[in-house]
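Below is the file structure_35.pdb, which contains PDB, C-alpha atoms and all ligand atoms.
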ATOM      1  CA  MET T 272     -20.643-156.974 -60.963
ATOM      2  CA  SER T 273     -21.450-158.535 -57.641
ATOM      3  CA  VAL T 274     -19.756-158.030 -54.281
ATOM      4  CA  THR T 275     -15.970-158.005 -54.571
ATOM      5  CA  ILE T 276     -13.540-159.400 -52.009
ATOM      6  CA  LYS T 277     -10.421-157.249 -52.029
ATOM      7  CA  THR T 278      -6.924-158.734 -52.298
ATOM      8  CA  ALA T 279      -4.125-157.702 -49.937
ATOM      9  CA  GLU T 280      -2.776-155.359 -52.630
ATOM     10  CA  GLU T 281      -6.162-153.745 -53.159
ATOM     11  CA  ILE T 282      -6.658-153.344 -49.405
ATOM     12  CA  GLU T 283      -3.379-151.463 -49.132
ATOM     13  CA  LYS T 284      -4.558-149.070 -51.864
ATOM     14  CA  MET T 285      -7.918-148.654 -50.085
ATOM     15  CA  ARG T 286      -6.019-147.745 -46.905
ATOM     16  CA  VAL T 287      -4.129-145.019 -48.723
ATOM     17  CA  ALA T 288      -7.240-143.610 -50.439
ATOM     18  CA  GLY T 289      -9.174-143.738 -47.169
ATOM     19  CA  ARG T 290      -6.454-141.914 -45.264
ATOM     20  CA  LEU T 291      -6.306-139.176 -47.905
ATOM     21  CA  ALA T 292     -10.080-138.653 -47.794
ATOM     22  CA  ALA T 293      -9.947-138.442 -43.974
ATOM     23  CA  GLU T 294      -7.116-135.914 -44.192
ATOM     24  CA  VAL T 295      -9.231-133.653 -46.400
ATOM     25  CA  LEU T 296     -11.940-133.551 -43.700
ATOM     26  CA  GLU T 297      -9.260-132.787 -41.089
ATOM     27  CA  MET T 298      -7.760-130.057 -43.263
ATOM     28  CA  ILE T 299     -11.022-128.269 -44.134
ATOM     29  CA  GLY T 300     -12.360-127.913 -40.570
ATOM     30  CA  GLU T 301     -10.651-124.612 -39.786
ATOM     31  CA  HIS T 302     -12.068-123.083 -42.982
ATOM     32  CA  VAL T 303     -15.688-123.768 -42.036
ATOM     33  CA  GLN T 304     -16.509-120.322 -40.610
ATOM     34  CA  PRO T 305     -19.325-117.793 -40.907
ATOM     35  CA  GLY T 306     -18.926-115.851 -44.178
ATOM     36  CA  VAL T 307     -17.158-118.553 -46.197
ATOM     37  CA  SER T 308     -18.955-119.866 -49.283
ATOM     38  CA  THR T 309     -19.329-123.557 -50.037
ATOM     39  CA  GLY T 310     -17.746-122.755 -53.394
ATOM     40  CA  GLU T 311     -14.598-121.619 -51.580
ATOM     41  CA  LEU T 312     -14.586-124.817 -49.467
ATOM     42  CA  ASP T 313     -14.794-126.788 -52.715
ATOM     43  CA  ARG T 314     -11.817-124.940 -54.221
ATOM     44  CA  ILE T 315      -9.704-125.528 -51.091
ATOM     45  CA  CYS T 316     -10.502-129.261 -51.061
ATOM     46  CA  HIS T 317      -9.988-129.594 -54.834
ATOM     47  CA  HIS T 318      -6.562-127.948 -54.589
ATOM     48  CA  HIS T 319      -5.551-130.150 -51.638
ATOM     49  CA  ILE T 320      -6.646-133.390 -53.307
ATOM     50  CA  VAL T 321      -5.096-132.620 -56.692
ATOM     51  CA  GLU T 322      -1.963-130.627 -55.830
ATOM     52  CA  VAL T 323      -1.014-131.859 -52.357
ATOM     53  CA  GLN T 324      -2.260-135.452 -52.427
ATOM     54  CA  GLY T 325      -1.842-136.244 -56.120
ATOM     55  CA  GLY T 326      -5.343-137.687 -56.095
ATOM     56  CA  ILE T 327      -8.583-137.268 -58.054
ATOM     57  CA  PRO T 328     -11.800-135.903 -56.534
ATOM     58  CA  ALA T 329     -14.280-138.628 -57.505
ATOM     59  CA  PRO T 330     -17.430-136.437 -57.488
ATOM     60  CA  LEU T 331     -16.145-134.097 -60.227
ATOM     61  CA  ASN T 332     -17.996-135.007 -63.450
ATOM     62  CA  TYR T 333     -19.453-138.128 -61.791
ATOM     63  CA  GLY T 334     -22.850-139.399 -62.939
ATOM     64  CA  ASN T 335     -25.463-137.951 -65.266
ATOM     65  CA  PRO T 336     -25.823-135.026 -65.338
ATOM     66  CA  PRO T 337     -22.144-134.794 -64.370
ATOM     67  CA  PHE T 338     -21.688-133.495 -60.810
ATOM     68  CA  PRO T 339     -20.016-130.096 -61.338
ATOM     69  CA  LYS T 340     -17.820-129.833 -58.220
ATOM     70  CA  SER T 341     -15.199-131.830 -56.284
ATOM     71  CA  ILE T 342     -16.995-132.275 -52.940
ATOM     72  CA  CYS T 343     -20.588-132.308 -51.729
ATOM     73  CA  THR T 344     -21.674-129.617 -49.256
ATOM     74  CA  SER T 345     -25.092-130.186 -47.699
ATOM     75  CA  VAL T 346     -26.364-127.360 -45.472
ATOM     76  CA  ASN T 347     -29.240-127.552 -42.925
ATOM     77  CA  HIS T 348     -32.258-129.117 -44.716
ATOM     78  CA  VAL T 349     -30.108-130.466 -47.570
ATOM     79  CA  ILE T 350     -29.862-134.233 -46.987
ATOM     80  CA  CYS T 351     -27.005-135.014 -49.388
ATOM     81  CA  HIS T 352     -25.316-134.189 -52.713
ATOM     82  CA  GLY T 353     -25.434-130.412 -52.184
ATOM     83  CA  ILE T 354     -23.503-128.612 -54.943
ATOM     84  CA  PRO T 355     -20.907-126.098 -53.697
ATOM     85  CA  SER T 356     -21.552-122.533 -54.853
ATOM     86  CA  ASP T 357     -19.988-119.096 -54.418
ATOM     87  CA  ASP T 358     -23.522-117.857 -53.746
ATOM     88  CA  LYS T 359     -24.008-120.137 -50.729
ATOM     89  CA  ILE T 360     -22.444-118.242 -47.810
ATOM     90  CA  LEU T 361     -22.355-120.096 -44.501
ATOM     91  CA  LYS T 362     -23.815-118.235 -41.533
ATOM     92  CA  LYS T 363     -23.732-118.665 -37.750
ATOM     93  CA  GLY T 364     -25.933-121.553 -36.655
ATOM     94  CA  ASP T 365     -25.745-123.504 -39.928
ATOM     95  CA  ILE T 366     -24.848-127.192 -39.950
ATOM     96  CA  VAL T 367     -23.000-128.507 -42.985
ATOM     97  CA  ASN T 368     -22.005-131.958 -44.167
ATOM     98  CA  ILE T 369     -18.833-132.132 -46.235
ATOM     99  CA  ASP T 370     -18.554-135.364 -48.220
ATOM    100  CA  VAL T 371     -15.159-136.155 -49.732
ATOM    101  CA  THR T 372     -14.250-139.008 -52.064
ATOM    102  CA  VAL T 373     -10.621-139.322 -53.159
ATOM    103  CA  ILE T 374      -9.351-141.669 -55.859
ATOM    104  CA  LYS T 375      -5.704-142.632 -55.428
ATOM    105  CA  ASP T 376      -3.947-145.311 -57.485
ATOM    106  CA  GLY T 377      -7.344-146.360 -58.852
ATOM    107  CA  TYR T 378      -9.075-146.903 -55.482
ATOM    108  CA  HIS T 379     -11.689-144.839 -53.630
ATOM    109  CA  GLY T 380     -11.931-143.502 -50.078
ATOM    110  CA  ASP T 381     -15.345-141.981 -49.239
ATOM    111  CA  THR T 382     -16.155-140.156 -45.988
ATOM    112  CA  SER T 383     -18.202-137.289 -44.624
ATOM    113  CA  LYS T 384     -18.635-135.371 -41.400
ATOM    114  CA  MET T 385     -20.832-132.633 -39.978
ATOM    115  CA  TYR T 386     -19.465-129.204 -39.073
ATOM    116  CA  PHE T 387     -21.062-126.438 -37.010
ATOM    117  CA  VAL T 388     -20.792-122.880 -38.271
ATOM    118  CA  GLY T 389     -20.384-120.861 -35.083
ATOM    119  CA  GLU T 390     -22.312-122.056 -32.015
ATOM    120  CA  PRO T 391     -24.937-124.713 -32.789
ATOM    121  CA  GLN T 392     -28.513-124.563 -31.548
ATOM    122  CA  PRO T 393     -28.940-127.400 -29.010
ATOM    123  CA  HIS T 394     -31.537-129.249 -31.133
ATOM    124  CA  LEU T 395     -29.160-129.321 -34.103
ATOM    125  CA  GLU T 396     -26.211-130.370 -31.974
ATOM    126  CA  ARG T 397     -28.351-133.265 -30.741
ATOM    127  CA  LEU T 398     -29.377-134.309 -34.277
ATOM    128  CA  VAL T 399     -25.744-134.292 -35.376
ATOM    129  CA  ARG T 400     -24.607-136.282 -32.325
ATOM    130  CA  ILE T 401     -27.306-138.936 -32.602
ATOM    131  CA  THR T 402     -26.552-139.364 -36.314
ATOM    132  CA  GLN T 403     -22.866-139.913 -35.541
ATOM    133  CA  GLU T 404     -23.882-142.455 -32.895
ATOM    134  CA  CYS T 405     -25.972-144.222 -35.563
ATOM    135  CA  LEU T 406     -22.856-144.565 -37.728
ATOM    136  CA  TYR T 407     -20.753-145.793 -34.797
ATOM    137  CA  LYS T 408     -23.373-148.340 -33.723
ATOM    138  CA  GLY T 409     -23.366-149.700 -37.260
ATOM    139  CA  ILE T 410     -19.572-149.856 -37.370
ATOM    140  CA  GLU T 411     -19.463-151.742 -34.054
ATOM    141  CA  LEU T 412     -21.358-154.635 -35.634
ATOM    142  CA  VAL T 413     -19.029-155.032 -38.629
ATOM    143  CA  ARG T 414     -17.240-158.394 -38.646
ATOM    144  CA  PRO T 415     -17.522-161.649 -40.623
ATOM    145  CA  GLY T 416     -20.940-163.217 -40.099
ATOM    146  CA  THR T 417     -22.866-160.028 -39.380
ATOM    147  CA  ARG T 418     -25.721-159.440 -41.805
ATOM    148  CA  LEU T 419     -26.507-156.134 -43.474
ATOM    149  CA  GLY T 420     -29.971-156.170 -41.875
ATOM    150  CA  ASP T 421     -28.325-156.224 -38.429
ATOM    151  CA  ILE T 422     -26.511-153.008 -39.287
ATOM    152  CA  GLY T 423     -29.569-151.326 -40.794
ATOM    153  CA  HIS T 424     -31.636-152.289 -37.781
ATOM    154  CA  VAL T 425     -29.332-150.837 -35.144
ATOM    155  CA  ILE T 426     -29.081-147.562 -37.077
ATOM    156  CA  GLN T 427     -32.836-147.280 -37.570
ATOM    157  CA  GLN T 428     -33.519-148.152 -33.914
ATOM    158  CA  HIS T 429     -31.201-145.486 -32.576
ATOM    159  CA  ALA T 430     -32.590-142.777 -34.860
ATOM    160  CA  GLU T 431     -36.222-143.626 -34.201
ATOM    161  CA  ALA T 432     -35.732-144.058 -30.439
ATOM    162  CA  ASN T 433     -34.697-140.406 -30.533
ATOM    163  CA  TYR T 434     -37.795-139.385 -32.549
ATOM    164  CA  TYR T 435     -35.822-138.869 -35.751
ATOM    165  CA  SER T 436     -36.349-140.568 -39.117
ATOM    166  CA  ILE T 437     -34.096-142.421 -41.545
ATOM    167  CA  VAL T 438     -33.875-141.415 -45.206
ATOM    168  CA  ARG T 439     -34.760-144.478 -47.345
ATOM    169  CA  GLU T 440     -33.943-143.306 -50.859
ATOM    170  CA  TYR T 441     -30.149-143.244 -50.422
ATOM    171  CA  CYS T 442     -27.842-145.780 -48.823
ATOM    172  CA  GLY T 443     -24.270-146.896 -48.212
ATOM    173  CA  HIS T 444     -22.461-148.969 -50.814
ATOM    174  CA  GLY T 445     -19.645-151.282 -51.680
ATOM    175  CA  ILE T 446     -16.553-149.367 -52.796
ATOM    176  CA  GLY T 447     -13.159-150.103 -54.311
ATOM    177  CA  ALA T 448     -11.948-149.521 -57.863
ATOM    178  CA  VAL T 449     -15.612-148.571 -58.463
ATOM    179  CA  PHE T 450     -17.141-145.642 -56.532
ATOM    180  CA  HIS T 451     -20.553-147.251 -55.975
ATOM    181  CA  GLU T 452     -20.657-151.030 -56.214
ATOM    182  CA  GLU T 453     -22.636-153.833 -54.599
ATOM    183  CA  PRO T 454     -23.876-154.316 -51.971
ATOM    184  CA  GLN T 455     -26.383-151.611 -51.109
ATOM    185  CA  VAL T 456     -26.059-150.852 -47.403
ATOM    186  CA  LEU T 457     -29.486-149.771 -46.133
ATOM    187  CA  HIS T 458     -29.730-147.723 -42.948
ATOM    188  CA  TYR T 459     -32.881-149.557 -41.855
ATOM    189  CA  GLY T 460     -33.786-153.216 -41.715
ATOM    190  CA  ARG T 461     -34.454-156.360 -39.732
ATOM    191  CA  PRO T 462     -31.874-158.374 -37.765
ATOM    192  CA  GLY T 463     -30.814-161.642 -39.324
ATOM    193  CA  THR T 464     -31.694-160.545 -42.863
ATOM    194  CA  GLY T 465     -29.612-159.468 -45.823
ATOM    195  CA  MET T 466     -26.151-160.372 -47.037
ATOM    196  CA  GLU T 467     -23.598-161.838 -44.655
ATOM    197  CA  LEU T 468     -20.335-159.902 -44.296
ATOM    198  CA  LYS T 469     -17.119-161.639 -45.321
ATOM    199  CA  GLU T 470     -13.478-160.816 -44.671
ATOM    200  CA  GLY T 471     -12.096-158.555 -47.411
ATOM    201  CA  MET T 472     -15.331-156.700 -48.195
ATOM    202  CA  THR T 473     -15.105-152.892 -48.297
ATOM    203  CA  PHE T 474     -18.196-150.706 -48.057
ATOM    204  CA  THR T 475     -19.533-147.482 -46.626
ATOM    205  CA  ILE T 476     -22.066-146.787 -43.904
ATOM    206  CA  GLU T 477     -23.503-143.278 -44.289
ATOM    207  CA  PRO T 478     -26.781-142.756 -42.418
ATOM    208  CA  MET T 479     -28.895-139.721 -43.296
ATOM    209  CA  VAL T 480     -31.097-138.808 -40.339
ATOM    210  CA  ASN T 481     -33.909-136.245 -40.497
ATOM    211  CA  ALA T 482     -35.180-134.156 -37.588
ATOM    212  CA  GLY T 483     -38.672-134.401 -39.056
ATOM    213  CA  LYS T 484     -40.270-136.733 -41.574
ATOM    214  CA  PRO T 485     -38.201-139.125 -43.736
ATOM    215  CA  GLN T 486     -39.357-137.961 -47.162
ATOM    216  CA  SER T 487     -36.842-136.393 -49.519
ATOM    217  CA  LYS T 488     -37.130-134.368 -52.710
ATOM    218  CA  LEU T 489     -34.643-134.055 -55.591
ATOM    219  CA  LEU T 490     -34.188-130.466 -56.773
ATOM    220  CA  GLY T 491     -34.178-129.351 -60.408
ATOM    221  CA  ASP T 492     -30.375-129.471 -60.609
ATOM    222  CA  GLN T 493     -30.833-133.286 -60.463
ATOM    223  CA  TRP T 494     -28.378-133.628 -57.537
ATOM    224  CA  THR T 495     -29.389-131.652 -54.460
ATOM    225  CA  VAL T 496     -31.589-133.739 -52.141
ATOM    226  CA  VAL T 497     -33.640-131.865 -49.509
ATOM    227  CA  THR T 498     -36.114-132.790 -46.799
ATOM    228  CA  ARG T 499     -39.705-132.355 -47.985
ATOM    229  CA  ASP T 500     -40.647-130.711 -44.677
ATOM    230  CA  ARG T 501     -37.541-128.466 -44.814
ATOM    231  CA  LYS T 502     -36.467-129.601 -41.347
ATOM    232  CA  ALA T 503     -32.770-130.277 -40.755
ATOM    233  CA  SER T 504     -30.911-133.432 -41.793
ATOM    234  CA  ALA T 505     -27.522-134.819 -40.767
ATOM    235  CA  GLN T 506     -25.142-137.435 -42.216
ATOM    236  CA  TRP T 507     -21.832-139.054 -41.314
ATOM    237  CA  GLU T 508     -19.920-141.561 -43.466
ATOM    238  CA  HIS T 509     -16.968-143.916 -43.201
ATOM    239  CA  THR T 510     -15.373-146.431 -45.573
ATOM    240  CA  LEU T 511     -14.878-149.774 -43.804
ATOM    241  CA  LEU T 512     -12.930-153.006 -44.306
ATOM    242  CA  VAL T 513     -14.194-156.301 -42.893
ATOM    243  CA  THR T 514     -11.197-157.971 -41.226
ATOM    244  CA  ALA T 515     -10.887-161.543 -39.891
ATOM    245  CA  THR T 516     -11.893-160.406 -36.408
ATOM    246  CA  GLY T 517     -13.854-157.191 -36.951
ATOM    247  CA  VAL T 518     -13.499-153.908 -38.756
ATOM    248  CA  GLU T 519     -10.881-151.449 -39.914
ATOM    249  CA  VAL T 520     -12.164-147.896 -40.396
ATOM    250  CA  LEU T 521     -10.259-146.886 -43.516
ATOM    251  CA  THR T 522     -11.309-143.219 -43.259
ATOM    252  CA  ARG T 523     -10.652-142.780 -39.521
ATOM    253  CA  ARG T 524      -9.674-139.260 -38.439
ATOM    254  CA  GLN T 525      -7.201-138.495 -35.654
ATOM    255  CA  GLU T 526     -10.029-137.147 -33.467
ATOM    256  CA  GLU T 527     -11.624-140.614 -33.490
ATOM    257  CA  SER T 528     -10.558-143.218 -30.944
ATOM    258  CA  PHE T 529     -11.462-146.567 -32.556
TER     259      PHE T 529
HETATM  260  N1  LIG J 601     -19.945-139.273 -51.748
HETATM  261  C1  LIG J 601     -21.309-139.631 -52.034
HETATM  262  C2  LIG J 601     -21.513-140.971 -51.383
HETATM  263  O1  LIG J 601     -21.292-141.060 -50.240
HETATM  264  C3  LIG J 601     -21.618-139.660 -53.478
HETATM  265  C4  LIG J 601     -21.531-138.352 -54.121
HETATM  266  S1  LIG J 601     -21.853-138.513 -55.782
HETATM  267  C5  LIG J 601     -21.668-136.936 -56.310
HETATM  268  O2  LIG J 601     -21.809-141.973 -51.977
HETATM  269  F1  LIG J 601     -21.610-136.990 -57.577
HETATM  270  F2  LIG J 601     -22.651-136.209 -55.818
HETATM  271  F3  LIG J 601     -20.554-136.448 -55.808
HETATM  272 CO    CO J 602     -20.619-143.063 -50.047
HETATM  273 CO    CO J 603     -19.620-139.887 -49.603
END

What would you get if you wrote out this structure as structure tokens?
Amino acid sequence: MSVTIKTAEEIEKMRVAGRLAAEVLEMIGEHVQPGVSTGELDRICHHHIVEVQGGIPAPLNYGNPPFPKSICTSVNHVICHGIPSDDKILKKGDIVNIDVTVIKDGYHGDTSKMYFVGEPQPHLERLVRITQECLYKGIELVRPGTRLGDIGHVIQQHAEANYYSIVREYCGHGIGAVFHEEPQVLHYGRPGTGMELKEGMTFTIEPMVNAGKPQSKLLGDQWTVVTRDRKASAQWEHTLLVTATGVEVLTRRQEESF
């Protein structure tokens, strides 16, 4: 399949799925505390998605080997796809990305945010803030006529201007009835290159920014991705719709102003 342009009916379903995914991130915030396990966070999100929202957690049994949990929890030097576990207890000073994908009425909403466990060290707070700014700078460019390379470039520039690095091995993606569809949305690139955005496209931007070097390593569980230098990594993600005049952030949270 190539890039899909969503119909009005599909867009309405994407809005619902996106809102539900955003609500999970809003709901889980108060539970991210020193002493909680990522396994417990997974159970709380699973229950909310299935029992409260009537949705399906897309990560559960996704891929090969099947992902074993309902959310991804990526702590400190874990870049992405961390597997929740009762043995992983969050402690003061940790940073954790929670990545939620909800399927509702056959359509996906995919979003992640960073949480601080207790008071953050200033260098980690800065990494998390700059990474969020990378996402927002990408979102600002989304409208018909923008090219994917324009988005990748602005994200890469902002990260590297702050002496951070961009993870190359993983990227954003088209999304809809399929979790990961075309196009690939790279978080680096050159202006004026790549596919041109069109009204009705839906895709994610989800930059992974490393405090140290860009290289990643896949652990033996075949999911968990860590930084090779074991320095910290941050990620933020939204699902976006290209509108006639700009962008609609389908996974916007109440704390966000756009
Ligand atoms: N939510 C991730 C993304 O942003 C994908 C997770 S796949 C999983 O694309 F199987 F690890 F959950
Ligand atoms: Co995604
Ligand atoms: Co995601």

Selection under test: the PyMOL selection byres (((chain T and resi 463) around 10) and not hetatm); residues as a ChimeraX atom specification: /T:417-422,424,460-462,464-467

Polymer residues at most 7 Å from Glu470 of chain T, all atoms listed in the file, same-chain spacing of 4 or more positions, as a PyMOL selection string: chain T and resi 415+513-515

Could you give me, as CSV, every segment 416-514 of chain T residue with an atom at most 10 Å from segment 284-308 of chain T, plus its closest atom pair and distance in Å to one decimal, counting all atoms listed in the file, rows ordered by chain then number?
residue,atom,partner,partner_atom,distance
T:Ile446,CA,T:Met285,CA,9.1
T:Gly447,CA,T:Met285,CA,6.9
T:Ala448,CA,T:Met285,CA,8.8
T:Thr473,CA,T:Met285,CA,8.5
T:His509,CA,T:Gly289,CA,8.7
T:Thr510,CA,T:Gly289,CA,6.9
T:Leu511,CA,T:Gly289,CA,9.0
T:Leu512,CA,T:Met285,CA,8.8

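If you measure from each of T:Gly517, T:Pro454, T:Gly310, T:Gly377 to Leu361 of chain T using all atoms listed in the file, the closest one turns out to be T:Gly310.
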
Residues selected by the PyMOL selection byres (((chain T and resi 373) around 6) and not hetatm), written as a PyMOL selection string: chain T and resi 292+327-329+372+374+379-380

Selection above as a file: C-alpha atoms, as a short mmCIF file (atom, residue, chain, number, x, y, z; two decimals), keeping the file's coordinate frame:
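So out-v9.cif came out as:
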data_model
loop_
_atom_site.label_atom_id
_atom_site.label_comp_id
_atom_site.auth_asym_id
_atom_site.auth_seq_id
_atom_site.Cartn_x
_atom_site.Cartn_y
_atom_site.Cartn_z
CA ALA T 292 -10.08 -138.65 -47.79
CA ILE T 327 -8.58 -137.27 -58.05
CA PRO T 328 -11.80 -135.90 -56.53
CA ALA T 329 -14.28 -138.63 -57.50
CA THR T 372 -14.25 -139.01 -52.06
CA ILE T 374 -9.35 -141.67 -55.86
CA HIS T 379 -11.69 -144.84 -53.63
CA GLY T 380 -11.93 -143.50 -50.08
#

Residues matched by the PyMOL selection byres (((chain T and resi 443) around 12) and not hetatm) as a PyMOL selection string: chain T and resi 381-383+406+409+419+422-423+438-442+444-446+450-459+473-479+506-511

Atom CA of Phe338 of chain T to atom CA of His319 of chain T, distance in Å rounded to a single decimal: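 A separation of 18.9 Å between them.
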
Could N, CA, C and O atoms be built for segment 303-323 of chain T and written out as a tab-separated table (two decimals), keeping the file's coordinate frame?
chain	number	residue	atom	x	y	z
T	303	VAL	N	-14.22	-123.83	-42.15
T	303	VAL	CA	-15.69	-123.77	-42.04
T	303	VAL	C	-16.03	-122.71	-40.99
T	303	VAL	O	-16.00	-122.97	-39.78
T	304	GLN	N	-16.30	-121.50	-41.47
T	304	GLN	CA	-16.51	-120.32	-40.61
T	304	GLN	C	-17.64	-119.48	-41.20
T	304	GLN	O	-17.87	-119.52	-42.41
T	305	PRO	N	-18.32	-118.71	-40.36
T	305	PRO	CA	-19.32	-117.79	-40.91
T	305	PRO	C	-18.70	-116.90	-41.98
T	305	PRO	O	-17.58	-116.40	-41.80
T	306	GLY	N	-19.39	-116.72	-43.10
T	306	GLY	CA	-18.93	-115.85	-44.18
T	306	GLY	C	-18.24	-116.58	-45.32
T	306	GLY	O	-18.10	-116.01	-46.41
T	307	VAL	N	-17.79	-117.81	-45.10
T	307	VAL	CA	-17.16	-118.55	-46.20
T	307	VAL	C	-18.25	-119.13	-47.10
T	307	VAL	O	-19.34	-119.46	-46.62
T	308	SER	N	-17.98	-119.23	-48.38
T	308	SER	CA	-18.95	-119.87	-49.28
T	308	SER	C	-18.60	-121.34	-49.44
T	308	SER	O	-17.44	-121.75	-49.28
T	309	THR	N	-19.61	-122.14	-49.79
T	309	THR	CA	-19.33	-123.56	-50.04
T	309	THR	C	-18.50	-123.71	-51.30
T	309	THR	O	-17.75	-124.67	-51.44
T	310	GLY	N	-18.60	-122.75	-52.21
T	310	GLY	CA	-17.75	-122.76	-53.39
T	310	GLY	C	-16.28	-122.64	-53.02
T	310	GLY	O	-15.42	-123.31	-53.61
T	311	GLU	N	-15.98	-121.78	-52.04
T	311	GLU	CA	-14.60	-121.62	-51.58
T	311	GLU	C	-14.11	-122.91	-50.90
T	311	GLU	O	-12.97	-123.35	-51.13
T	312	LEU	N	-14.97	-123.54	-50.10
T	312	LEU	CA	-14.59	-124.82	-49.47
T	312	LEU	C	-14.26	-125.86	-50.54
T	312	LEU	O	-13.31	-126.64	-50.40
T	313	ASP	N	-15.04	-125.86	-51.61
T	313	ASP	CA	-14.79	-126.79	-52.72
T	313	ASP	C	-13.43	-126.53	-53.35
T	313	ASP	O	-12.67	-127.48	-53.63
T	314	ARG	N	-13.12	-125.25	-53.59
T	314	ARG	CA	-11.82	-124.94	-54.22
T	314	ARG	C	-10.65	-125.37	-53.33
T	314	ARG	O	-9.64	-125.90	-53.82
T	315	ILE	N	-10.78	-125.15	-52.02
T	315	ILE	CA	-9.70	-125.53	-51.09
T	315	ILE	C	-9.51	-127.05	-51.11
T	315	ILE	O	-8.38	-127.55	-51.19
T	316	CYS	N	-10.61	-127.78	-51.06
T	316	CYS	CA	-10.50	-129.26	-51.06
T	316	CYS	C	-9.97	-129.76	-52.40
T	316	CYS	O	-9.12	-130.67	-52.44
T	317	HIS	N	-10.46	-129.18	-53.50
T	317	HIS	CA	-9.99	-129.59	-54.83
T	317	HIS	C	-8.47	-129.42	-54.93
T	317	HIS	O	-7.74	-130.33	-55.36
T	318	HIS	N	-8.00	-128.23	-54.53
T	318	HIS	CA	-6.56	-127.95	-54.59
T	318	HIS	C	-5.78	-128.95	-53.74
T	318	HIS	O	-4.74	-129.48	-54.17
T	319	HIS	N	-6.26	-129.23	-52.54
T	319	HIS	CA	-5.55	-130.15	-51.64
T	319	HIS	C	-5.48	-131.56	-52.23
T	319	HIS	O	-4.42	-132.20	-52.22
T	320	ILE	N	-6.61	-132.03	-52.75
T	320	ILE	CA	-6.65	-133.39	-53.31
T	320	ILE	C	-5.72	-133.50	-54.52
T	320	ILE	O	-4.93	-134.44	-54.64
T	321	VAL	N	-5.82	-132.52	-55.42
T	321	VAL	CA	-5.10	-132.62	-56.69
T	321	VAL	C	-3.62	-132.28	-56.53
T	321	VAL	O	-2.75	-133.03	-56.99
T	322	GLU	N	-3.34	-131.14	-55.85
T	322	GLU	CA	-1.96	-130.63	-55.83
T	322	GLU	C	-1.14	-131.18	-54.68
T	322	GLU	O	0.06	-131.39	-54.82
T	323	VAL	N	-1.75	-131.37	-53.53
T	323	VAL	CA	-1.01	-131.86	-52.36
T	323	VAL	C	-0.99	-133.39	-52.33
T	323	VAL	O	0.05	-134.00	-52.10
